Amino acid sequence: MSEADDNSRVSRRRRRRKSYALLILAAGIFMFGIAAGSLYWFLRPTTLRIAVGPTGSDDHKLVQTLAQLFARERTPIRLSPIATEGSVESIALFAAGKTDLAVARGDLNLPADAESVIILRKNVVVLWAPAGQPPNGSKRKPTPKIKSIDDLAGRRVGVIGRTQANVTLLKVILTESGVNADKVAVTQFGTNQIAEMARDATLDAFLTVGPLDSKITKDAIAATAASRGEPKFLPIDVSETIARKHPRYESEEIPASIFSSSPARPVEKVDTVSVNHLIIAPRSLSDTKVSAFARQTFNVRQQLAREIPNAPKIEKPDTDKDAALPAHEGAAAYFDGNERTFLERYTDYIWGVILVLSGLGSVGAWLRHYWSRDEREAYETHRDDLLDLITKARQADSAEALSAMQGQADGVLREALDCFENGAIEDGDLAAIGLALEQFHRAATDRRVALESDAPGMPRMRAM
């Protein structure tokens, strides 16, 4: 083998080693990028848009405080409030897919894919009629003109709140109570018009829809009591019937003295109906995100109460499958204790990554074998040459010829070791070379002994 051939072979080997090193580097950078990207994807917080309104309302303040608490606690789920004019606009944004969550009343016209996540509060119907002021100087309590819902026919009712949902709810109550809703006039007042409503002598009864601890309801009852006499709370005796026929409503009770203890308002408990005010999410929203949001919200309830003194009592939704407004699967999984573990959620992804890595390993092995094909072909040629050297060693006619053969055998060994280091040959191939070298050394030694016996003065060959 000429020196030029050796130099050419060494040069090719160096180029292959450099290419292989670059491939390893590129593969390493690629895998690092995948690992870094996966880590960022798993650890980055998810921001959910939530529509709520109107600005400055209790709902808006609550959602803003939740968003601040989530950001302060560095939770996985963050909130981005979208201020609206009220539940109707929030639901419109929700239906258009412009928000991930929305705060809305459960009896509104919700989209078909809307599901409940958290109940913020129960809005209770409070219906009362003024008893009238006692005659001057008289201590006798006046008798109220309206003692029950049946007496509202042909009367006028003042409803606090501009939303049409309150009027719709009043009509349901009247209809189920056997009163023709068309014969009851309704006048709506804003929450900032309580004093005006209390002074309106044309009104025969009043209605509010809100939480039992609502300041608006308490102020309205106190204002009408001051100008029109003590309230007569009208029980909704058909509350259970309404709940059965209209599943979005629930039968509820107003506890005695909840609005005032002196005088007691009401004097005794009163049957009524309620409707949930809740956070909704589309069915398509990730179960993991909804579950995390529900968990975070319940985890910060104590902090929420400290931040907002009159914060509503947050409750879990009905997780039964046949609920009027079904709970989102992610929320139901959290509340029912059926959340999937990390491995259960991401098993498919993990196996996918393993398969990708396995495929990349196979491709790398194939490329390595492909780029080492010249070295393996060279190894096979040298192995055959080594086997030929064994035959030639047994027939050598001089010590110089044996020494030259020894040099060739050393070259074969050097090439074999280089091929093994580069991965071109396996352990078995290297063992075969070792066995052939051993046979060559024996043949050379035997031939050396034979030549020395023929020529006693011949210098002895160096030991292998």
# chains A, B, ... in the order shown; residues from 1 in each chain; ligands from 1
>>> residues_around(residues="Leu389 in chain A", least_positions_apart="5", cutoff="8 Å", atoms="only C-alpha atoms", output="PyMOL selection string")
chain A and resi 405+409+440
>>> residues_around(residues="Leu207 in chain A", least_positions_apart="5", cutoff="6 Å", atoms="only C-alpha atoms", output="list in words")
Val126, Leu127 and Val159 of chain A
>>> write_last_selection(atoms="N, CA and C atoms", output="PDB file, in the first residue's frame")
ATOM      1  N   VAL A 126     -86.740  38.543  45.470  1.00  0.00           N
ATOM      2  CA  VAL A 126     -87.407  39.124  46.643  1.00  0.00           C
ATOM      3  C   VAL A 126     -88.559  39.973  46.125  1.00  0.00           C
ATOM      4  N   LEU A 127     -89.777  39.592  46.490  1.00  0.00           N
ATOM      5  CA  LEU A 127     -90.997  40.258  46.012  1.00  0.00           C
ATOM      6  C   LEU A 127     -91.775  40.736  47.236  1.00  0.00           C
ATOM      7  N   VAL A 159     -89.541  46.947  39.164  1.00  0.00           N
ATOM      8  CA  VAL A 159     -88.457  45.953  39.111  1.00  0.00           C
ATOM      9  C   VAL A 159     -87.118  46.686  39.078  1.00  0.00           C
TER      10      VAL A 159
END
>>> atom_distance(atom1="CA of Thr202 in chain A", atom2="CA of Glu268 in chain A")
27.7 Å
>>> residues_around(residues="range 264-267 of chain A", least_positions_apart="5", cutoff="10 Å", atoms="only C-alpha atoms", output="list of chain:residue names")
A:Trp128, A:Lys218, A:Ile221, A:Ala222, A:Glu230, A:Pro231, A:Lys232, A:Phe233, A:Leu234, A:Ile254, A:Pro255, A:Ala256, A:Ser257, A:Ile258, A:Phe259
>>> write_last_selection(atoms="N, CA and C atoms", output="PDB file, in the first residue's frame")
ATOM      1  N   TRP A 128     -92.043  42.035  47.292  1.00  0.00           N
ATOM      2  CA  TRP A 128     -92.783  42.562  48.445  1.00  0.00           C
ATOM      3  C   TRP A 128     -93.734  43.694  48.024  1.00  0.00           C
ATOM      4  N   LYS A 218     -81.351  45.385  50.257  1.00  0.00           N
ATOM      5  CA  LYS A 218     -81.577  45.946  51.598  1.00  0.00           C
ATOM      6  C   LYS A 218     -81.950  47.424  51.525  1.00  0.00           C
ATOM      7  N   ILE A 221     -85.577  47.810  50.192  1.00  0.00           N
ATOM      8  CA  ILE A 221     -86.585  47.475  51.205  1.00  0.00           C
ATOM      9  C   ILE A 221     -86.682  48.587  52.240  1.00  0.00           C
ATOM     10  N   ALA A 222     -85.532  49.096  52.676  1.00  0.00           N
ATOM     11  CA  ALA A 222     -85.524  50.167  53.674  1.00  0.00           C
ATOM     12  C   ALA A 222     -86.143  51.448  53.113  1.00  0.00           C
ATOM     13  N   GLU A 230     -94.109  49.405  56.178  1.00  0.00           N
ATOM     14  CA  GLU A 230     -93.396  48.131  56.291  1.00  0.00           C
ATOM     15  C   GLU A 230     -93.761  47.177  55.141  1.00  0.00           C
ATOM     16  N   PRO A 231     -92.769  46.409  54.667  1.00  0.00           N
ATOM     17  CA  PRO A 231     -93.029  45.521  53.520  1.00  0.00           C
ATOM     18  C   PRO A 231     -93.773  44.250  53.924  1.00  0.00           C
ATOM     19  N   LYS A 232     -94.614  43.807  53.032  1.00  0.00           N
ATOM     20  CA  LYS A 232     -95.257  42.504  53.141  1.00  0.00           C
ATOM     21  C   LYS A 232     -94.599  41.611  52.090  1.00  0.00           C
ATOM     22  N   PHE A 233     -93.761  40.672  52.542  1.00  0.00           N
ATOM     23  CA  PHE A 233     -93.044  39.803  51.612  1.00  0.00           C
ATOM     24  C   PHE A 233     -93.993  38.753  51.054  1.00  0.00           C
ATOM     25  N   LEU A 234     -94.027  38.663  49.735  1.00  0.00           N
ATOM     26  CA  LEU A 234     -94.958  37.769  49.053  1.00  0.00           C
ATOM     27  C   LEU A 234     -94.279  36.433  48.776  1.00  0.00           C
ATOM     28  N   ILE A 254     -86.042  32.417  51.841  1.00  0.00           N
ATOM     29  CA  ILE A 254     -85.461  33.635  52.402  1.00  0.00           C
ATOM     30  C   ILE A 254     -85.557  33.510  53.924  1.00  0.00           C
ATOM     31  N   PRO A 255     -84.428  33.436  54.621  1.00  0.00           N
ATOM     32  CA  PRO A 255     -84.484  33.271  56.084  1.00  0.00           C
ATOM     33  C   PRO A 255     -85.120  34.478  56.762  1.00  0.00           C
ATOM     34  N   ALA A 256     -85.681  34.260  57.924  1.00  0.00           N
ATOM     35  CA  ALA A 256     -86.277  35.348  58.708  1.00  0.00           C
ATOM     36  C   ALA A 256     -85.187  36.324  59.147  1.00  0.00           C
ATOM     37  N   SER A 257     -85.522  37.596  59.151  1.00  0.00           N
ATOM     38  CA  SER A 257     -84.641  38.682  59.634  1.00  0.00           C
ATOM     39  C   SER A 257     -83.354  38.835  58.820  1.00  0.00           C
ATOM     40  N   ILE A 258     -83.305  38.303  57.607  1.00  0.00           N
ATOM     41  CA  ILE A 258     -82.086  38.384  56.805  1.00  0.00           C
ATOM     42  C   ILE A 258     -81.797  39.816  56.357  1.00  0.00           C
ATOM     43  N   PHE A 259     -82.857  40.624  56.150  1.00  0.00           N
ATOM     44  CA  PHE A 259     -82.661  41.982  55.666  1.00  0.00           C
ATOM     45  C   PHE A 259     -82.622  43.006  56.800  1.00  0.00           C
TER      46      PHE A 259
END
>>> residues_around(residues="Val52 in chain A", least_positions_apart="3", cutoff="8 Å", atoms="only C-alpha atoms", output="VMD selection string")
chain A and resid 55 59 to 60 63 81 to 84 86 to 87 90 102 to 104
>>> write_last_selection(atoms="N, CA and C atoms", output="PDB file, in the first residue's frame")
ATOM      1  N   THR A  55     -68.646  47.582  33.819  1.00  0.00           N
ATOM      2  CA  THR A  55     -67.477  48.086  34.529  1.00  0.00           C
ATOM      3  C   THR A  55     -67.883  48.694  35.864  1.00  0.00           C
ATOM      4  N   ASP A  59     -69.401  41.996  39.909  1.00  0.00           N
ATOM      5  CA  ASP A  59     -68.806  40.928  39.095  1.00  0.00           C
ATOM      6  C   ASP A  59     -67.458  41.379  38.516  1.00  0.00           C
ATOM      7  N   HIS A  60     -67.419  42.591  38.012  1.00  0.00           N
ATOM      8  CA  HIS A  60     -66.195  43.108  37.406  1.00  0.00           C
ATOM      9  C   HIS A  60     -65.080  43.217  38.443  1.00  0.00           C
ATOM     10  N   VAL A  63     -63.781  39.635  39.287  1.00  0.00           N
ATOM     11  CA  VAL A  63     -62.916  39.052  38.258  1.00  0.00           C
ATOM     12  C   VAL A  63     -61.561  39.763  38.230  1.00  0.00           C
ATOM     13  N   PRO A  81     -59.422  40.056  31.894  1.00  0.00           N
ATOM     14  CA  PRO A  81     -60.814  40.504  31.868  1.00  0.00           C
ATOM     15  C   PRO A  81     -61.137  41.351  30.633  1.00  0.00           C
ATOM     16  N   ILE A  82     -62.298  41.118  30.069  1.00  0.00           N
ATOM     17  CA  ILE A  82     -62.825  41.929  28.964  1.00  0.00           C
ATOM     18  C   ILE A  82     -64.097  42.599  29.479  1.00  0.00           C
ATOM     19  N   ALA A  83     -64.052  43.909  29.661  1.00  0.00           N
ATOM     20  CA  ALA A  83     -65.202  44.638  30.218  1.00  0.00           C
ATOM     21  C   ALA A  83     -66.315  44.748  29.182  1.00  0.00           C
ATOM     22  N   THR A  84     -67.529  44.465  29.619  1.00  0.00           N
ATOM     23  CA  THR A  84     -68.706  44.562  28.744  1.00  0.00           C
ATOM     24  C   THR A  84     -69.782  45.397  29.449  1.00  0.00           C
ATOM     25  N   GLY A  86     -72.682  44.238  30.191  1.00  0.00           N
ATOM     26  CA  GLY A  86     -73.495  43.355  31.011  1.00  0.00           C
ATOM     27  C   GLY A  86     -73.479  41.931  30.485  1.00  0.00           C
ATOM     28  N   SER A  87     -74.305  41.084  31.090  1.00  0.00           N
ATOM     29  CA  SER A  87     -74.314  39.666  30.739  1.00  0.00           C
ATOM     30  C   SER A  87     -74.665  39.420  29.279  1.00  0.00           C
ATOM     31  N   SER A  90     -71.663  40.025  27.216  1.00  0.00           N
ATOM     32  CA  SER A  90     -70.676  38.988  27.540  1.00  0.00           C
ATOM     33  C   SER A  90     -71.006  37.688  26.830  1.00  0.00           C
ATOM     34  N   ALA A 102     -67.010  33.524  30.437  1.00  0.00           N
ATOM     35  CA  ALA A 102     -67.933  34.654  30.555  1.00  0.00           C
ATOM     36  C   ALA A 102     -68.699  34.531  31.860  1.00  0.00           C
ATOM     37  N   VAL A 103     -69.030  35.690  32.439  1.00  0.00           N
ATOM     38  CA  VAL A 103     -69.860  35.742  33.639  1.00  0.00           C
ATOM     39  C   VAL A 103     -71.287  36.053  33.195  1.00  0.00           C
ATOM     40  N   ALA A 104     -72.224  35.189  33.559  1.00  0.00           N
ATOM     41  CA  ALA A 104     -73.597  35.364  33.065  1.00  0.00           C
ATOM     42  C   ALA A 104     -74.588  34.717  34.012  1.00  0.00           C
TER      43      ALA A 104
END
>>> select_by_dssp(residues="range 20-190 of chain A", states="alpha helix (DSSP H)", output="PyMOL selection string")
chain A and resi 20-43+58-73+87-95+164-176
>>> atom_distance(atom1="CA of Gln64 in chain A", atom2="CA of Leu304 in chain A")
10.7 Å
>>> atom_distance(atom1="CA of Ala399 in chain A", atom2="CA of Leu430 in chain A")
28.0 Å
>>> select_by_dssp(residues="range 25-213 of chain A", states="strand (DSSP E or B)", output="MDAnalysis selection string")
chainID A and resid 46:52 77:83 101:105 114:130 156:160 185:189 205:210
>>> write_last_selection(atoms="N, CA and C atoms", output="short mmCIF file (atom, residue, chain, number, x, y, z; two decimals), in the first residue's frame")
data_model
loop_
_atom_site.label_atom_id
_atom_site.label_comp_id
_atom_site.auth_asym_id
_atom_site.auth_seq_id
_atom_site.Cartn_x
_atom_site.Cartn_y
_atom_site.Cartn_z
N THR A 46 -51.00 29.94 31.10
CA THR A 46 -52.04 30.06 30.09
C THR A 46 -52.98 31.19 30.48
N THR A 47 -53.23 32.11 29.57
CA THR A 47 -54.11 33.24 29.84
C THR A 47 -55.48 32.99 29.22
N LEU A 48 -56.51 33.05 30.05
CA LEU A 48 -57.88 32.87 29.60
C LEU A 48 -58.59 34.22 29.60
N ARG A 49 -59.23 34.55 28.49
CA ARG A 49 -60.02 35.78 28.40
C ARG A 49 -61.38 35.54 29.05
N ILE A 50 -61.83 36.50 29.85
CA ILE A 50 -63.13 36.36 30.51
C ILE A 50 -63.92 37.64 30.36
N ALA A 51 -65.11 37.52 29.80
CA ALA A 51 -65.99 38.67 29.58
C ALA A 51 -66.85 38.89 30.82
N VAL A 52 -66.87 40.13 31.30
CA VAL A 52 -67.61 40.44 32.51
C VAL A 52 -68.02 41.91 32.47
N ILE A 77 -52.70 29.34 35.41
CA ILE A 77 -53.77 29.98 34.65
C ILE A 77 -53.84 31.45 35.05
N ARG A 78 -53.85 32.34 34.05
CA ARG A 78 -54.01 33.77 34.30
C ARG A 78 -55.32 34.24 33.63
N LEU A 79 -55.84 35.35 34.10
CA LEU A 79 -57.09 35.88 33.56
C LEU A 79 -56.86 37.23 32.90
N SER A 80 -57.54 37.42 31.78
CA SER A 80 -57.51 38.71 31.07
C SER A 80 -58.96 39.19 30.95
N PRO A 81 -59.42 40.06 31.89
CA PRO A 81 -60.81 40.50 31.87
C PRO A 81 -61.14 41.35 30.63
N ILE A 82 -62.30 41.12 30.07
CA ILE A 82 -62.83 41.93 28.96
C ILE A 82 -64.10 42.60 29.48
N ALA A 83 -64.05 43.91 29.66
CA ALA A 83 -65.20 44.64 30.22
C ALA A 83 -66.32 44.75 29.18
N LEU A 101 -64.03 32.57 28.62
CA LEU A 101 -64.98 32.44 29.73
C LEU A 101 -65.91 33.64 29.73
N ALA A 102 -67.01 33.52 30.44
CA ALA A 102 -67.93 34.65 30.56
C ALA A 102 -68.70 34.53 31.86
N VAL A 103 -69.03 35.69 32.44
CA VAL A 103 -69.86 35.74 33.64
C VAL A 103 -71.29 36.05 33.20
N ALA A 104 -72.22 35.19 33.56
CA ALA A 104 -73.60 35.36 33.07
C ALA A 104 -74.59 34.72 34.01
N ARG A 105 -75.85 35.16 33.89
CA ARG A 105 -76.93 34.52 34.63
C ARG A 105 -77.34 33.24 33.92
N ALA A 114 -72.33 26.10 25.88
CA ALA A 114 -71.95 26.71 27.16
C ALA A 114 -72.12 25.71 28.29
N GLU A 115 -71.13 25.62 29.14
CA GLU A 115 -71.18 24.74 30.31
C GLU A 115 -70.69 25.50 31.54
N SER A 116 -71.20 25.12 32.70
CA SER A 116 -70.87 25.86 33.93
C SER A 116 -69.51 25.43 34.47
N VAL A 117 -68.84 26.40 35.07
CA VAL A 117 -67.53 26.14 35.69
C VAL A 117 -67.59 26.41 37.19
N ILE A 118 -68.09 27.59 37.55
CA ILE A 118 -68.17 27.99 38.96
C ILE A 118 -69.43 28.82 39.17
N ILE A 119 -70.12 28.58 40.25
CA ILE A 119 -71.25 29.42 40.63
C ILE A 119 -70.72 30.55 41.51
N LEU A 120 -70.85 31.77 41.03
CA LEU A 120 -70.38 32.91 41.80
C LEU A 120 -71.33 33.26 42.94
N ARG A 121 -72.60 33.12 42.68
CA ARG A 121 -73.60 33.42 43.71
C ARG A 121 -74.96 32.94 43.24
N LYS A 122 -75.90 32.91 44.18
CA LYS A 122 -77.30 32.60 43.86
C LYS A 122 -78.09 33.90 43.93
N ASN A 123 -78.72 34.25 42.84
CA ASN A 123 -79.58 35.43 42.81
C ASN A 123 -80.99 35.03 43.24
N VAL A 124 -81.44 35.58 44.34
CA VAL A 124 -82.73 35.22 44.93
C VAL A 124 -83.77 36.29 44.61
N VAL A 125 -84.97 35.85 44.25
CA VAL A 125 -86.07 36.77 43.97
C VAL A 125 -86.67 37.23 45.30
N VAL A 126 -86.74 38.54 45.47
CA VAL A 126 -87.41 39.12 46.64
C VAL A 126 -88.56 39.97 46.13
N LEU A 127 -89.78 39.59 46.49
CA LEU A 127 -91.00 40.26 46.01
C LEU A 127 -91.77 40.74 47.24
N TRP A 128 -92.04 42.03 47.29
CA TRP A 128 -92.78 42.56 48.44
C TRP A 128 -93.73 43.69 48.02
N ALA A 129 -94.67 43.95 48.91
CA ALA A 129 -95.64 45.03 48.69
C ALA A 129 -95.68 45.90 49.94
N PRO A 130 -95.78 47.21 49.79
CA PRO A 130 -95.83 48.09 50.96
C PRO A 130 -97.18 47.98 51.67
N ARG A 156 -99.30 47.28 39.40
CA ARG A 156 -98.04 47.71 38.79
C ARG A 156 -96.88 47.32 39.71
N VAL A 157 -95.87 46.71 39.13
CA VAL A 157 -94.71 46.22 39.89
C VAL A 157 -93.46 46.97 39.44
N GLY A 158 -92.72 47.47 40.40
CA GLY A 158 -91.44 48.12 40.11
C GLY A 158 -90.31 47.09 40.22
N VAL A 159 -89.54 46.95 39.16
CA VAL A 159 -88.46 45.95 39.11
C VAL A 159 -87.12 46.69 39.08
N ILE A 160 -86.25 46.34 40.01
CA ILE A 160 -84.93 46.95 40.03
C ILE A 160 -84.01 46.18 39.09
N ALA A 185 -98.60 45.34 35.09
CA ALA A 185 -97.70 46.32 34.48
C ALA A 185 -96.35 46.30 35.19
N VAL A 186 -95.31 46.48 34.41
CA VAL A 186 -93.95 46.43 34.95
C VAL A 186 -93.23 47.72 34.60
N THR A 187 -92.57 48.30 35.58
CA THR A 187 -91.71 49.47 35.38
C THR A 187 -90.33 49.14 35.92
N GLN A 188 -89.31 49.31 35.08
CA GLN A 188 -87.95 48.97 35.50
C GLN A 188 -87.21 50.23 35.95
N PHE A 189 -86.36 50.04 36.97
CA PHE A 189 -85.54 51.11 37.51
C PHE A 189 -84.09 50.65 37.57
N ALA A 205 -96.11 47.00 44.10
CA ALA A 205 -95.20 45.96 44.62
C ALA A 205 -93.82 46.19 44.00
N PHE A 206 -92.84 45.50 44.59
CA PHE A 206 -91.46 45.69 44.13
C PHE A 206 -90.77 44.32 44.01
N LEU A 207 -89.79 44.27 43.13
CA LEU A 207 -89.06 43.00 42.93
C LEU A 207 -87.58 43.30 42.71
N THR A 208 -86.76 42.54 43.38
CA THR A 208 -85.31 42.56 43.13
C THR A 208 -84.84 41.14 42.92
N VAL A 209 -83.73 40.98 42.19
CA VAL A 209 -83.11 39.68 41.97
C VAL A 209 -81.62 39.84 42.27
N GLY A 210 -81.18 39.22 43.34
CA GLY A 210 -79.79 39.36 43.72
C GLY A 210 -79.47 38.47 44.91
#
>>> closest_residue(among="A:Asp237, A:Asp287, A:Asp204, A:Glu438", to="Gly132 in chain A", atoms="only C-alpha atoms")
A:Asp204
>>> residues_around(residues="Arg228 in chain A", least_positions_apart="4", cutoff="8 Å", atoms="only C-alpha atoms", output="PyMOL selection string")
chain A and resi 130-133+198-199+224
>>> residues_around(residues="Pro309 in chain A", least_positions_apart="2", cutoff="12 Å", atoms="only C-alpha atoms", output="NGL selection string")
:A and (58 or 61-62 or 65 or 213 or 301-307 or 311-313)
>>> write_last_selection(atoms="C-alpha atoms", output="mmCIF file, in the first residue's frame")
data_model
loop_
_atom_site.group_PDB
_atom_site.id
_atom_site.type_symbol
_atom_site.label_atom_id
_atom_site.label_comp_id
_atom_site.auth_asym_id
_atom_site.auth_seq_id
_atom_site.Cartn_x
_atom_site.Cartn_y
_atom_site.Cartn_z
ATOM 1 C CA ASP A 58 -69.421 43.549 41.784
ATOM 2 C CA LYS A 61 -64.429 43.817 40.694
ATOM 3 C CA LEU A 62 -64.452 40.129 41.565
ATOM 4 C CA THR A 65 -59.323 40.711 41.918
ATOM 5 C CA ASP A 213 -76.755 39.920 51.324
ATOM 6 C CA ARG A 301 -61.332 31.987 48.229
ATOM 7 C CA GLN A 302 -59.937 33.090 51.590
ATOM 8 C CA GLN A 303 -57.713 35.704 49.990
ATOM 9 C CA LEU A 304 -60.652 36.827 47.869
ATOM 10 C CA ALA A 305 -62.741 37.370 51.006
ATOM 11 C CA ARG A 306 -59.968 39.517 52.469
ATOM 12 C CA GLU A 307 -59.602 41.561 49.296
ATOM 13 C CA ALA A 311 -67.272 38.754 48.217
ATOM 14 C CA PRO A 312 -69.927 36.214 47.179
ATOM 15 C CA LYS A 313 -69.808 32.658 48.404
#
